[in-house]
Each structure stands twice: as C-alpha cells, then as structure tokens.
Amino acid sequence: MVNKYTPKDFKSDQEVRWCPGCGDHAVLNSVQKALVELGIPKEQFTFISGIGCSSRFPYYMDTYGFHSIHGRASAIASGVKTANPELSVWQITGDGDALAIGGNHFIHAIRRNIDINIILFNNEIYGLTKGQYSPTSTKGLVTKTSPFGTVEEPFSVGELVIGAKGKFFARTIDTNLALSTQIYIEAAKHKGTSVIEVLQNCVIFNDGIHDTIADKEVRDDRTLILKHGQPMIFGKGNDKGLILDGLKLKVVKLGENSITEKNLLVHDALEANPGIQYMLANMKYPEYPVALGVIRSVPGPTYERSVEEQISEIQKTAKIKCMDDLLMSGSVWEVE
Amino acid sequence: MSKKSGVIEREEVVIRFSGDSGDGMQLTGTLFSDTAALFGNDLSTFPDYPAEIRAPQGTVGGVSGFQVHLGHSEINTPGDYSDVLVAMNPAAIKANAKWIKTGGTIIYDEGNFTEKNIEKAGYEKDPIKEEKLDSYNIIAAPISSMVKEALKDFGLDPKSVLRTKNMFALGMVYWLFDRKLDYTEDYFEKKFKNKPGMAEANKIALRAGYYYAETIEALSPTYKILPAQIAKGTYRNICGNTATAWGFVAAAEKAGLKIFIGSYPITPATGILEELAARKDLGVISFQAEDEIAGICTSLGASFAGKLAITSTSGPGMALKSEAIGLAVMAELPIVIVNVQRGGPSTGLPTKTEQADLMQALFGRNGECPAVVIASSTPSDCFHFAFEAARIALEHMTPVLLLSDSYLANGTEPWRIPKMKDLPKINPPFADRNEIPFLPYKRDNERLARSWAVPGTPGMEHRIGGLEKTEKGTVSYVPENHELMVKLRAEKIERVVNEIPDLVVQGVDSGDILVVGWGGSYGYLITAVRELQAAGHKISLVNFNYIYPLPKNVKDVFRRFNKIVVCELNLGQFADYLRIKHQEFTYEQINKVQGIPFTINDIKDKCIKMLGDE
C-alpha cells in the first residue's frame with residue numbers, strides 16, 4: 001500500500017464534544033480504523049453531514065468536511081460526488097436528519113445510486129433538540145413531544161432503502177467495533193450508494209433503547225451476523241439458524257427435528273432480487289434475531305460515472321467544441 | 001415575386017399573432033421574427049401564453065399570443081400597441097381589442113368565427129362591431145377553408161390539415177411585409193426531415209397564404225421596413241433564458257472550470273436548465289434534482305468540490321432555497337442563484353412577468369446574510385450579467401443572486417455575438433501550497449475573499465459549515481468573534497463595489513426628472529425617456545443592474561435632478577430600498593403589478609404630468 005496511515009492520522013485537533021458514553025464515540029473510532037485499510041489518499045476523503053448530534057462528526061475528522069443544514073447532506077454529498085467522482089464521499093446522518101427532514105433527498109440519492117457511503121446513526125430519538133420522538137421511534141414511545149406516547153408507525157431503515165431501489169444495506173451496533181469497521185470497509189468498496197444503519201445509543205434521551213438485543217449477555221441469541229456465502233447461524237454456541245418456511249423466515253434449533261447446518265439458508269448479499277434480504281432486514285426481536293452485517297450488496301451502474309460517460313460519449317462526436325463554436329451555431333447573420 | 005402598389009415605408013411596426021394555445025402562435029411568431037432578423041431589422045419579441053398547456057378551446061383564458069416589434073430604427077421593447085393583429089379566433093379579438101392601434105389591420109380567420117366560438121369569446125354576434133373596430137382595416141380571410149382546399153388531395157387527416165392554418169396566416173403576413181419565404185421553408189424541411197409530407201403541407205399552406213394575400217386587394221397598403229442601422233458584426237436572435245445559460249458557459253470557460261447546475265423545473269426558469277442540460281458537448285454537468293432545495297444543495301456540494309455552481313429557479317423555488325443560500329453565505333462558497341421572476345406571491349401568475357422578488361433577494365434569509373444581487377435588463381444582456389454573476393461569485397467567494405424575469409426569459413432580440421477573446425479572464429482564489437496549514441476563513445486583504453481549497457488537494461484538509469467559526473475554522477460561540485465575522489461577511493460584499501461599473505446616465509447629466517429603473521423594465525423606460533427627450537424635456541434615465549452593492553456614483557447622479565421617479569413592476573420595492581440606502585433624496589414612484597410590462601405611453605403620460613407639477 002502506498003499510503004500508510006494510522007487512525008490517529010484521521011483525528012482532527014478539535015475536542016470531541018459528544019456526551020460521555022454516547023455511541024457516537026465508538027462510530028468515530030471504527031470509521032477512523034476503517035479508513036486506514038482502504039488505501040485511499042487522505043485528501044480524497046470528504047465527509048458531509050446535516051444537523052444533529054452525529055452531524056458534528058466531520059469536525060472530528062482530519063479530512064475534507066462540510067457540516068451543512070438539516071436534512072440536506074444527501075443532496076450536498078450527491079453534488080460533491082457528481083462533481084468529482086474520484087473522491088471518497090461519506091455522509092454522516094441520523095434518523096431525524098435522513099428520514100424526517102431529509103427523507104426526500106435520502107431516497108433520491110439511493111434511487112440514483114450515487115457512490116456515497118451513508119452512515120445513519122439510529123438512536124430512535126432527537127438528541128440535539130433534547131428528546132423528541134423520531135421517525136424510527138417505536139410506536140407508543142413517550143417523549144417530550146409525545147407525552148402520551150406516539151401514535152405513528154416508525155420507518156424501518158432497511159425497508160426504506162430497499163424500497164428506494166437501494167443496492168447496499170448493512171446494519172451494525174455502535175459497540176461492536178470489529179463488525180462496524182469491517183462493514184465500513186465493505187461499504188467503501190461497494191460502488192453505489194451504501195447505507196449503513198448503526199444502532200446507536202443515546203445515553204441521555206433514549207438510553208438503552210437497543211439493549212434488548214445489544215446487551216453483552218443476550219446479543220448472541222438475539223442478533224444474527226450475516227456473512228455472504230455462509231449459513232445463517234446464530235446463538236450462544238451457534239445453536240440456532242434460519243430456514244425458509246413457505247414464504248416466511250423461521251428460526252430453528254439445530255439438532256431439533258433432525259435439522260442440521262445444511263438445512264439453513266445461506267446468505268446471498270449479491271442476489272439482485274431483494275425478497276429474502278428484505279425479510280432479513282425487517283426481522284425484529286423477539287420473533288427473530290435482528291440481522292447485522294451486510295444484508296444487501298448488489299452491483300449496478302453509478303450515477304456519477306453514467307454522467308461522466310454520457311458527457312464523454314457526446315463530446316466524441318460533438319460539433320461544438322468551445323464557447324465560440326456555440327455562439328456561432330444555428331442561425332447567424334452578418335451586418336456589414 | 002410580384003410588384004405592389006401602395007407601399008408605405010415605416011420606421012417600425014408591431015405585429016401580434018394571437019390564437020388558441022393549440023394554434024401554434026409561438027412558432028408562427030418565432031418564424032416571422034427570425035425572418036425579420038435575417039433581413040436586418042432590429043426587433044424585440046414577447047410571447048404571452050396561458051399557464052395551462054391547453055386551456056379550454058376558444059376561450060379568452062386560452063389565448064396565446066406572440067408580439068413582434070421590428071424596425072429600421074433601434075427597437076427596445078416588443079411595443080405597446082400592434083399595427084397588425086392576426087386573430088385565429090374570436091377570443092383573440094377579445095383578448096387584444098384594446099391593444100390594437102387605432103385604424104390598424106386585423107386579419108382574422110373567418111372560418112373560425114362560428115356562432116359557438118363567438119359566444120365562447122363573450123360576444124353576441126359580431127366581435128368586430130361589438131368592439132367598434134369597423135373602421136379598422138379588417139381582412140376576413142377564409143383561412144380554414146383555404147387550407148382545406150389547398151391540401152385536399154394531400155392525404156392528410158382533417159386535424160393535421162387544420163394545423164397548417166397558422167402557416168397560411170404567416171404567408172399572408174409575409175406578403176404584407178414583403179418578406180421571403182425561404183427561411184421558413186428551410187425550417188420545415190429540417191424539422192420534418194423524416195416526414196417530408198408534413199414539410200410539404202406546411203410549405204403549401206404558407207405559399208397559399210402568400211398568394212391569397214397577393215390576390216386580394218384588401219391587404220393594400222403593405223409596409224416596408226428597411227434594415228436597421230446597427231453596428232457591424234455577426235448577429236443572432238437570442239432569448240433571455242438561453243443568453244443566461246450561455247453567459248455561464250462562457251464564464252466557466254474563462255475561469256477554466258466545469259459548470260454544475262443543480263435545478264428543479266419551474267416556469268419561467270426551466271429554459272436555463274434545459275439549455276445547460278443540452279450543453280454536454282461543452283462538459284456541463286446538469287443535475288435535475290428531486291426538489292428546489294436539492295437543486296441548490298447539489299450545486300453547493302459541487303461548489304465545495306471546485307465547480308462553477310449554478311442553480312436556477314423562480315420566486316416560489318427561491319423561497320425554498322433560502323436556507324441553503326444562508327449556508328453558502330456562511331461557508332463562503334461561490335454559487336449563482338438565478339431567479340427568473342414571475343407574478344407572485346405563492347404560485348401567483350406563473351407565466352407572467354413581475355419584479356416583485358427584489359426584497360426577497362436582498363433580505364429573504366435568516367440572520368445577517370448579505371449576498372450580491374444583480375439584475376439583467378434585456379434578453380441579450382442576460383449573457384453579460386450571467387457572466388458577471390459568475391465572475392463576482394468566483395472571484396469574491398460569495399453567492400450571487402441574479403434576477404431575470406419572465407419578460408426577459410421569453411423575449412428575444414438580435415444580439416451581436418461577442419468573441420470569447422474579448423471577455424475578461426476569471427481568476428478564482430484557489431489556495432496555493434504556501435497556505436498550508438490551510439485556514440479556511442483567512443482572507444485576502446483587498447477583497448476579503450477566503451481561499452478555495454478543493455477536496456482532493458493534498459495537505460489542505462479542512463472543515464467548513466453552517467456554524468459560526470473563527471478564522472482557523474474552529475466552531476466558536478464567542479460573542480466578539482460572531483460580531484467580527486458578521487461584519488467581515490458584510491464588508492466583503494460591500495467591497496464588490498470596487499469592481500463594478502458606475503451608473504451610466506442616458507441623457508443629460510442634470511435636469512428635471514431622472515427616471516430610475518432596474519432590471520427588465522429597461523426597454524420600456526429607455527423608449528419612453530428618449531421620446532420625451534426628443535420632445536424637448538430635460539429627462540434622463542438610469543437603469544440599475546448592480547443592486548447590492550449599489551454603484552459608487554448613485555448619490556452623485558441623483559443630486560443633479562429635481563425629481564427622481566422610480567419605475568418598477570411591483571409596489572415600490574426598489575424605491576424603498578433606495579430610501580434605506582440613500583435617505584437624502586425624495587423618490588416618486590411609477591408602479592404596475594398586472595403581470596405585464598409597462599407601456600411606453602404609461603410612462604410618458606405620468607412623467608409629463610410630473611413635469612407639469614414642477
């Protein structure tokens with residue numbers, strides 16, 4: 001590798017101001033670890049964010065960074081990447097920023113398949129405004145703006161991404177640094193919009209929201225880490241797995257009813273048909289384990305390269321090569 | 001072709017083509033004006049069409065018009081009143097009756113003046129009588145039946161046959177003005193390259209109209225308008241939207257940058273996005289965004305990445321972009337935001353013209369949020385001011401708001417084509433290696449512009465954003481720092497004044513009345529003022545293109561006139577702005593908010609009245 005960086009090379013001189021114990025610290029560390037592994041010159045990294053706690057992220061990275069306005073990071077990142085496809089563009093966003101105020105830009109960036117890596121910090125709450133419900137808050141959640149519980153259905157990030165024709169979706173937990181780092185590397189290598197949902201803990205306003213599945217004691221039994229080409233096994237001692245039962249996924253115990261590893265579904269992240277991946281992305285505890293890892297990773301043409309190719313294709317045969325040509329094109333006449 | 005009797009030589013003439021929005025009046029008018037331009041006349045055109053693509057047939061609401069003003073002398077407006085009206089149906093008479101010069105010529109399609117259509121237009125029996133137009137030069141031409149006859153053996157379906165009516169009418173007008181048919185015939189050959197039948201049918205209708213006019217004596221007298229006395233050079237016809245788009249392409253070439261336009265379609269600005277989308281031959285990146293906000297935000301991202309960033313819109317879209325303009329001010333990134341103004345507020349009058357977004361451009365943002373505001377004033381100078389907007393944005397690292405309007409956007413005029421070598425080079429302040437470590441908000445002493453370090457440049461990694469920062473780029477809530485930065489951002493814009501031209505007075509340097517205009521009403525104001533000057537009045541005009549900052553010599557110009565009259569298509573926004581900026585003067589106003597331009601007589605009558613008050 002030409003560029004030998006350490007995570008320290010990506011730390012800026014700014015003091016990190018997130019609350020002690022916030023999940024964001026772990027995300028920052030695992031992203032810095034991932035960048036080291038990519039072999040991309042540091043000056044090519046560009047971090048774009050919107051508004052929210054997580055959106056302070058670019059200030060803590062010694063890369064190019066643009067902390068923008070609420071909800072618009074997907075649009076700004078789309079402009080950056082389309083303007084210069086050589087850059088490695090990362091969008092840092094949260095559940096409010098990406099799915100509420102920025103929902104339109106988020107789905108359209110995904111639809112276009114612009115090669116940006118979107119890290120969506122999902123803590124199911126508005127933190128920076130001090131504790132109001134978000135589009136991913138569980139129905140019934142009591143918050144400052146829902147003192148009697150919300151009456152709205154939440155979005156599921158994976159469902160939305162796949163619905164918007166997303167080609168890359170992964171999920172991780174803030175505290176799982178090794179898995180997170182690996183996923184960021186895979187997201188960066190994927191050509192097209194990559195969405196990584198990070199189940200992130202807000203220690204102040206929604207503390208422990210992911211504990212049911214993320215707690216050390218229970219996480220092996222309540223999460224399934226998907227690996228492409230591997231059978232879907234989980235549980236302490238790898239004793240459980242997933243099979244397809246009719247049109248639905250079903251949790252089975254290995255050894256019961258003569259089920260062995262061979263009967264289990266094998267994860268295919270590359271499959272273009274999102275049917276199984278959609279079901280995996282939507283699995284909820286307690287009926288299912290929550291799926292982590294790269295759930296979907298399908299190759300496809302990216303927007304910025306298509307734009308580039310169209311321009312160079314047209315330029316090959318174009319009669320107009322410069323502004324003077326354009327000015328003199330069509331009907332012109334001389335006045336003597 | 002044949003010789004004519006009763007030819008009248010005229011300095012100028014106004015023709016209006018008017019019919020249902022499906023009658024092809026825009027094309028008819030465009031072909032006529034292109035022919036006149038090629039002949040060497042000076043001209044100005046104005047299309048006037050309803051917001052509905054196909055409004056109910058035969059109604060006044062569905063009338064689409066195209067006015068052409070051509071002359072041997074200099075032409076600055078599409079004209080107030082028409083000498084010749086071509087009316088394809090009774091509704092066209094209804095819509096235009098009060099805009100025909102007394103005793104003018106009206107050519108109408110007799111076949112379309114059916115009882116039903118007459119009633120739909122709101123007449124009882126005879127539109128001409130009911131409008132008291134009997135004494136005018138009325139030519140009732142059986143256009144519908146004539147094209148049916150001319151094309152009867154052609155094998156076209158009846159609908160397609162009737163669609164050539166406009167060409168029959170155009171043929172008549174060509175005869176009336178002694179023009180050749182070849183440009184129009186060439187146009188059809190090109191347009192219907194793969195449908196030679198359609199090309200032929202249109203040509204037959206065109207010639208049938210021409211010969212019909214020749215045959216009937218009623219069309220006499222005909223008009224002769226000699227070519228205009230205009231500067232030597234190569235010319236083309238251009239509308240404001242195309243000129244705007246081209247101004248940006250020219251600026252990009254002069255700055256050595258690529259253009260990125262992020263935009264969302266909106267009337268009447270869409271033409272800019274369409275033209276730039278077609279300019280892939282010159283490397284333009286166009287991004288049709290999901291909404292107005294994404295339009296400016298993708299552009300702002302591209303600006304961060306080192307491109308000439310453009311976004312185009314109209315008033316309602318401008319409102320949606322406000323927050324992002326604030327971000328551009330804070331991040332000090334170059335971007336041009338074009339507002340092709342239309343009648344407002346809200347959806348308002350989408351296809352009509354107005355100048356009522358001035359205050360929005362100046363002040364429509366949160367916080368102390370200064371940005372440069374400039375305005376184009378003729379269809380062709382949209383090129384120059386788009387170039388200027390890009391130059392100022394790039395060299396001063398600031399958003400620039402460029403105001404055009406529906407009248408400029410769609411209006412056309414002949415334009416002497418500039419040579420790229422005559423345009424100035426644009427030098428954006430790209431950061432150089434001496435500036436490592438890079439401080440994002442460090443400024444040059446002269447312009448106070450920060451340097452532009454583009455992602456991908458080694459060693460200059462830095463962060464910018466919407467939060468207040470210190471010079472180093474560190475987020476800061478320190479009270480004194482905020483005030484300092486607010487003042488620096490304001491001062492940066494004020495200093496643009498050093499690099500814009502002084503106001504030019506059209507007419508004597510001092511006198512009784514100084515007519516003050518801005519942007520797109522220039523053509524009407526200059527015509528009215530010149531006519532008053534010719535009548536011996538001490539009246540002059542200044543038309544502002546640079547709105548914020550205002551040129552340096554405003555005070556010096558204003559103080560030499562007894563009265564200052566600010567004329568604009570709103571309730572007095574520029575007048576109020578001048579009252580803030582130059583309180584020492586008293587400002588009279590002439591205003592109009594009808595979605596249509598001033599008329600020359602309007603301005604003249606009101607000025608004469610004010611002269612009388614002296």
# chains A, B, ... in the order shown; residues from 1 in each chain; ligands from 1
$ closest_atom_pairs --of "chain B" --to "chain A" --cutoff "7 Å" --atoms "only C-alpha atoms" --output "JSON lines"
{"residue": "B:Leu38", "atom": "CA", "partner": "A:Trp333", "partner_atom": "CA", "distance": 6.2}
{"residue": "B:Lys232", "atom": "CA", "partner": "A:Val335", "partner_atom": "CA", "distance": 5.0}
{"residue": "B:Gly233", "atom": "CA", "partner": "A:Val335", "partner_atom": "CA", "distance": 5.3}
{"residue": "B:Thr234", "atom": "CA", "partner": "A:Glu334", "partner_atom": "CA", "distance": 4.5}
{"residue": "B:Tyr235", "atom": "CA", "partner": "A:Trp333", "partner_atom": "CA", "distance": 5.2}
{"residue": "B:Arg236", "atom": "CA", "partner": "A:Val332", "partner_atom": "CA", "distance": 4.6}
{"residue": "B:Ala250", "atom": "CA", "partner": "A:Met323", "partner_atom": "CA", "distance": 6.0}
{"residue": "B:Lys280", "atom": "CA", "partner": "A:Ile311", "partner_atom": "CA", "distance": 5.3}
{"residue": "B:Asp281", "atom": "CA", "partner": "A:Gln315", "partner_atom": "CA", "distance": 4.9}
{"residue": "B:Leu282", "atom": "CA", "partner": "A:Lys321", "partner_atom": "CA", "distance": 6.3}
{"residue": "B:Gly283", "atom": "CA", "partner": "A:Ile311", "partner_atom": "CA", "distance": 6.1}
{"residue": "B:Glu290", "atom": "CA", "partner": "A:His108", "partner_atom": "CA", "distance": 6.8}
{"residue": "B:Ala294", "atom": "CA", "partner": "A:Ala75", "partner_atom": "CA", "distance": 5.3}
{"residue": "B:Cys297", "atom": "CA", "partner": "A:Ile76", "partner_atom": "CA", "distance": 4.9}
{"residue": "B:Thr298", "atom": "CA", "partner": "A:Gly79", "partner_atom": "CA", "distance": 3.9}
{"residue": "B:Ser299", "atom": "CA", "partner": "A:Gly79", "partner_atom": "CA", "distance": 5.8}
{"residue": "B:Leu300", "atom": "CA", "partner": "A:Ile76", "partner_atom": "CA", "distance": 6.4}
{"residue": "B:Gly301", "atom": "CA", "partner": "A:Ile76", "partner_atom": "CA", "distance": 4.4}
{"residue": "B:Ala302", "atom": "CA", "partner": "A:Val80", "partner_atom": "CA", "distance": 4.7}
{"residue": "B:Phe304", "atom": "CA", "partner": "A:Val80", "partner_atom": "CA", "distance": 6.9}
{"residue": "B:Ala305", "atom": "CA", "partner": "A:Val80", "partner_atom": "CA", "distance": 5.5}
{"residue": "B:Lys307", "atom": "CA", "partner": "A:Ala83", "partner_atom": "CA", "distance": 6.9}
{"residue": "B:Ile417", "atom": "CA", "partner": "A:Leu327", "partner_atom": "CA", "distance": 6.6}
{"residue": "B:Lys419", "atom": "CA", "partner": "A:Asp324", "partner_atom": "CA", "distance": 6.6}
{"residue": "B:Met420", "atom": "CA", "partner": "A:Asp324", "partner_atom": "CA", "distance": 6.2}
{"residue": "B:Pro455", "atom": "CA", "partner": "A:Tyr64", "partner_atom": "CA", "distance": 5.9}
{"residue": "B:Gly456", "atom": "CA", "partner": "A:Gln44", "partner_atom": "CA", "distance": 4.7}
{"residue": "B:Thr457", "atom": "CA", "partner": "A:Glu43", "partner_atom": "CA", "distance": 5.9}
{"residue": "B:Pro458", "atom": "CA", "partner": "A:Glu43", "partner_atom": "CA", "distance": 5.1}
{"residue": "B:Gly459", "atom": "CA", "partner": "A:Glu43", "partner_atom": "CA", "distance": 7.0}
{"residue": "B:Glu461", "atom": "CA", "partner": "A:Tyr64", "partner_atom": "CA", "distance": 4.7}
{"residue": "B:His462", "atom": "CA", "partner": "A:Tyr64", "partner_atom": "CA", "distance": 5.0}
{"residue": "B:Arg463", "atom": "CA", "partner": "A:Gly65", "partner_atom": "CA", "distance": 4.4}
{"residue": "B:Ile464", "atom": "CA", "partner": "A:Phe66", "partner_atom": "CA", "distance": 5.0}
{"residue": "B:Gly465", "atom": "CA", "partner": "A:His67", "partner_atom": "CA", "distance": 4.3}
{"residue": "B:Gly466", "atom": "CA", "partner": "A:Ser68", "partner_atom": "CA", "distance": 5.6}
$ write_last_selection --atoms "N, CA and C atoms" --output "compact mmCIF listing (two decimals), in the first residue's frame"
# COMPACT_ATOMS: atom_id res chain seq x y z
N LEU B 38 -33.05 38.12 -39.95
CA LEU B 38 -32.14 37.78 -41.05
C LEU B 38 -32.15 38.88 -42.11
N LYS B 232 -21.76 46.93 -37.10
CA LYS B 232 -21.24 45.80 -37.89
C LYS B 232 -20.99 44.61 -36.98
N GLY B 233 -21.12 43.43 -37.54
CA GLY B 233 -20.78 42.26 -36.75
C GLY B 233 -21.64 41.08 -37.14
N THR B 234 -21.45 40.00 -36.42
CA THR B 234 -22.26 38.81 -36.64
C THR B 234 -23.34 38.79 -35.57
N TYR B 235 -24.57 38.53 -36.02
CA TYR B 235 -25.72 38.60 -35.12
C TYR B 235 -26.45 37.26 -35.05
N ARG B 236 -27.21 37.11 -33.97
CA ARG B 236 -28.16 36.01 -33.87
C ARG B 236 -29.32 36.49 -33.01
N ALA B 250 -19.83 30.60 -20.86
CA ALA B 250 -18.70 31.46 -21.21
C ALA B 250 -17.84 31.73 -19.98
N LYS B 280 -23.87 19.25 -22.92
CA LYS B 280 -22.90 18.22 -22.56
C LYS B 280 -21.72 18.28 -23.51
N ASP B 281 -21.96 18.80 -24.72
CA ASP B 281 -20.84 18.95 -25.66
C ASP B 281 -19.75 19.83 -25.06
N LEU B 282 -20.14 20.76 -24.18
CA LEU B 282 -19.14 21.61 -23.55
C LEU B 282 -18.88 21.19 -22.10
N GLY B 283 -19.26 19.97 -21.78
CA GLY B 283 -18.90 19.39 -20.49
C GLY B 283 -19.74 19.83 -19.30
N GLU B 290 -34.43 16.43 -7.02
CA GLU B 290 -35.76 15.98 -6.58
C GLU B 290 -36.62 17.15 -6.11
N ALA B 294 -32.85 20.53 -3.08
CA ALA B 294 -31.77 19.67 -3.58
C ALA B 294 -31.08 20.33 -4.76
N CYS B 297 -28.66 22.57 -3.12
CA CYS B 297 -27.71 21.84 -2.27
C CYS B 297 -26.74 20.99 -3.09
N THR B 298 -27.21 20.36 -4.16
CA THR B 298 -26.27 19.62 -5.01
C THR B 298 -25.26 20.59 -5.61
N SER B 299 -25.75 21.77 -6.01
CA SER B 299 -24.85 22.78 -6.57
C SER B 299 -23.82 23.25 -5.56
N LEU B 300 -24.28 23.42 -4.33
CA LEU B 300 -23.37 23.88 -3.29
C LEU B 300 -22.31 22.81 -3.01
N GLY B 301 -22.72 21.55 -3.07
CA GLY B 301 -21.75 20.46 -2.93
C GLY B 301 -20.73 20.52 -4.05
N ALA B 302 -21.20 20.80 -5.26
CA ALA B 302 -20.30 20.89 -6.41
C ALA B 302 -19.37 22.09 -6.27
N PHE B 304 -18.29 23.29 -3.40
CA PHE B 304 -17.29 22.82 -2.43
C PHE B 304 -16.23 21.99 -3.16
N ALA B 305 -16.69 21.22 -4.15
CA ALA B 305 -15.78 20.34 -4.89
C ALA B 305 -15.07 21.06 -6.04
N LYS B 307 -16.39 23.35 -8.61
CA LYS B 307 -17.02 23.64 -9.90
C LYS B 307 -17.68 25.03 -9.89
N ILE B 417 -22.91 38.96 -31.62
CA ILE B 417 -22.23 37.86 -30.95
C ILE B 417 -20.84 38.30 -30.49
N LYS B 419 -16.92 37.86 -29.02
CA LYS B 419 -15.84 36.89 -29.22
C LYS B 419 -15.26 36.56 -27.86
N MET B 420 -15.00 35.30 -27.64
CA MET B 420 -14.52 34.89 -26.32
C MET B 420 -13.21 35.59 -25.95
N PRO B 455 -11.51 19.67 -2.19
CA PRO B 455 -11.24 18.29 -1.80
C PRO B 455 -10.44 17.57 -2.89
N GLY B 456 -9.45 16.83 -2.45
CA GLY B 456 -8.56 16.17 -3.40
C GLY B 456 -7.18 16.84 -3.41
N THR B 457 -7.12 18.08 -2.84
CA THR B 457 -5.84 18.78 -2.78
C THR B 457 -5.08 18.30 -1.53
N PRO B 458 -3.89 17.70 -1.70
CA PRO B 458 -3.17 17.18 -0.53
C PRO B 458 -2.78 18.27 0.45
N GLY B 459 -2.89 17.97 1.71
CA GLY B 459 -2.41 18.86 2.75
C GLY B 459 -3.33 19.99 3.14
N GLU B 461 -6.70 19.60 3.94
CA GLU B 461 -7.94 19.10 4.53
C GLU B 461 -8.46 20.13 5.54
N HIS B 462 -9.74 20.44 5.45
CA HIS B 462 -10.33 21.40 6.38
C HIS B 462 -11.84 21.18 6.44
N ARG B 463 -12.45 21.80 7.42
CA ARG B 463 -13.89 21.66 7.60
C ARG B 463 -14.55 23.02 7.53
N ILE B 464 -15.69 23.08 6.82
CA ILE B 464 -16.49 24.30 6.83
C ILE B 464 -17.92 23.89 7.19
N GLY B 465 -18.78 24.87 7.37
CA GLY B 465 -20.16 24.52 7.69
C GLY B 465 -20.96 25.71 8.13
N GLY B 466 -22.19 25.42 8.55
CA GLY B 466 -23.14 26.47 8.87
C GLY B 466 -22.97 27.09 10.24
$ select_by_dssp --residues "region 21-194 of chain A" --states "helix (DSSP H, G or I)" --output "PyMOL selection string"
chain A and resi 24-36+42-44+54-60+73-83+95-101+103-112+157-163+177-189
$ select_by_dssp --residues "region 252-323 of chain B" --states "strand (DSSP E or B)" --output "list in words"
Ile259, Phe260, Ile261, Gly262, Ser263, Ile285, Ser286, Phe287, Gln288, Leu308, Ala309, Ile310, Thr311, Ser312 and Thr313 of chain B
$ write_last_selection --atoms "C-alpha atoms" --output "PDB file, in the first residue's frame"
ATOM      1  CA  ILE B 259     -20.225  24.013 -14.734  1.00  0.00           C
ATOM      2  CA  PHE B 260     -22.516  22.139 -12.407  1.00  0.00           C
ATOM      3  CA  ILE B 261     -26.186  23.117 -12.499  1.00  0.00           C
ATOM      4  CA  GLY B 262     -28.491  21.565  -9.921  1.00  0.00           C
ATOM      5  CA  SER B 263     -32.062  22.638 -10.601  1.00  0.00           C
ATOM      6  CA  ILE B 285     -22.917  18.628 -15.629  1.00  0.00           C
ATOM      7  CA  SER B 286     -26.659  19.058 -15.167  1.00  0.00           C
ATOM      8  CA  PHE B 287     -28.468  17.524 -12.239  1.00  0.00           C
ATOM      9  CA  GLN B 288     -32.263  17.569 -12.257  1.00  0.00           C
ATOM     10  CA  LEU B 308     -18.820  26.748 -11.173  1.00  0.00           C
ATOM     11  CA  ALA B 309     -22.079  26.119  -9.339  1.00  0.00           C
ATOM     12  CA  ILE B 310     -25.408  27.317 -10.705  1.00  0.00           C
ATOM     13  CA  THR B 311     -28.997  26.847  -9.659  1.00  0.00           C
ATOM     14  CA  SER B 312     -31.951  28.374 -11.476  1.00  0.00           C
ATOM     15  CA  THR B 313     -35.472  28.951 -10.252  1.00  0.00           C
TER      16      THR B 313
END
$ atom_distance --atom1 "CA of Ala278 (chain B)" --atom2 "CA of Arg305 (chain A)"
18.1 Å
$ residues_around --residues "Ile138 (chain B)" --least-positions-apart "3" --cutoff "9 Å" --atoms "only C-alpha atoms" --output "MDAnalysis selection string"
chainID B and resid 104:108 128 133:135 218:219
$ write_last_selection --atoms "N, CA and C atoms" --output "JSON list (two decimals), in the first residue's frame"
[["chain", "number", "residue", "atom", "x", "y", "z"],
["B", 104, "GLY", "N", -55.66, 50.21, -37.19],
["B", 104, "GLY", "CA", -54.73, 49.13, -37.55],
["B", 104, "GLY", "C", -55.38, 48.04, -38.39],
["B", 105, "THR", "N", -54.56, 47.07, -38.76],
["B", 105, "THR", "CA", -55.04, 45.98, -39.61],
["B", 105, "THR", "C", -55.36, 44.75, -38.75],
["B", 106, "ILE", "N", -56.52, 44.15, -39.01],
["B", 106, "ILE", "CA", -56.85, 42.90, -38.32],
["B", 106, "ILE", "C", -57.10, 41.83, -39.38],
["B", 107, "ILE", "N", -56.31, 40.79, -39.32],
["B", 107, "ILE", "CA", -56.55, 39.66, -40.21],
["B", 107, "ILE", "C", -57.16, 38.57, -39.35],
["B", 108, "TYR", "N", -58.34, 38.09, -39.73],
["B", 108, "TYR", "CA", -58.87, 37.01, -38.91],
["B", 108, "TYR", "C", -59.39, 35.86, -39.75],
["B", 128, "ILE", "N", -66.25, 42.23, -34.32],
["B", 128, "ILE", "CA", -65.68, 43.46, -34.87],
["B", 128, "ILE", "C", -66.58, 44.65, -34.55],
["B", 133, "LEU", "N", -64.69, 48.14, -34.06],
["B", 133, "LEU", "CA", -63.47, 48.10, -34.87],
["B", 133, "LEU", "C", -63.78, 48.21, -36.36],
["B", 134, "ASP", "N", -65.03, 48.53, -36.71],
["B", 134, "ASP", "CA", -65.47, 48.53, -38.11],
["B", 134, "ASP", "C", -64.60, 49.39, -39.01],
["B", 135, "SER", "N", -64.13, 50.50, -38.44],
["B", 135, "SER", "CA", -63.40, 51.45, -39.28],
["B", 135, "SER", "C", -61.95, 51.02, -39.50],
["B", 218, "ALA", "N", -57.47, 43.81, -50.72],
["B", 218, "ALA", "CA", -57.77, 44.33, -49.39],
["B", 218, "ALA", "C", -56.54, 44.57, -48.52],
["B", 219, "LEU", "N", -55.46, 43.81, -48.83],
["B", 219, "LEU", "CA", -54.30, 43.93, -47.96],
["B", 219, "LEU", "C", -53.46, 45.17, -48.20]]
$ atom_distance --atom1 "CA of Arg296 (chain A)" --atom2 "CA of Gly275 (chain A)"
10.6 Å
$ residues_around --residues "Arg222 (chain A)" --least-positions-apart "2" --cutoff "10 Å" --atoms "only C-alpha atoms" --output "list in words"
Thr212, Ile213, Ala214, Asp215, Glu217, Val218, Arg219, Asp220, Leu224, Phe234, Gly235, Lys236, Lys284, Tyr285, Pro286, Glu287, Tyr288, Pro289, Val290 and Ala291 of chain A
$ closest_atom_pairs --of "region 308-388 of chain B" --to "region 571-593 of chain B" --cutoff "10 Å" --atoms "only C-alpha atoms" --output "CSV"
residue,atom,partner,partner_atom,distance
B:Gly343,CA,B:Val593,CA,8.1
B:Gly344,CA,B:Val593,CA,9.7
B:Thr353,CA,B:Val593,CA,8.9
B:Glu354,CA,B:Val593,CA,6.8
B:Gln355,CA,B:Val593,CA,8.6
B:Ala356,CA,B:Gln573,CA,7.2
B:Asp357,CA,B:Gln573,CA,8.6
B:Leu358,CA,B:Gln573,CA,6.6
B:Met359,CA,B:Gln573,CA,6.5
B:Gln360,CA,B:Gln573,CA,9.9
B:Leu362,CA,B:Tyr577,CA,9.2
$ closest_residue --among "B:Leu176, B:Ala251, B:Ile600, B:Leu85" --to "Lys421 (chain B)" --atoms "only C-alpha atoms"
B:Ala251
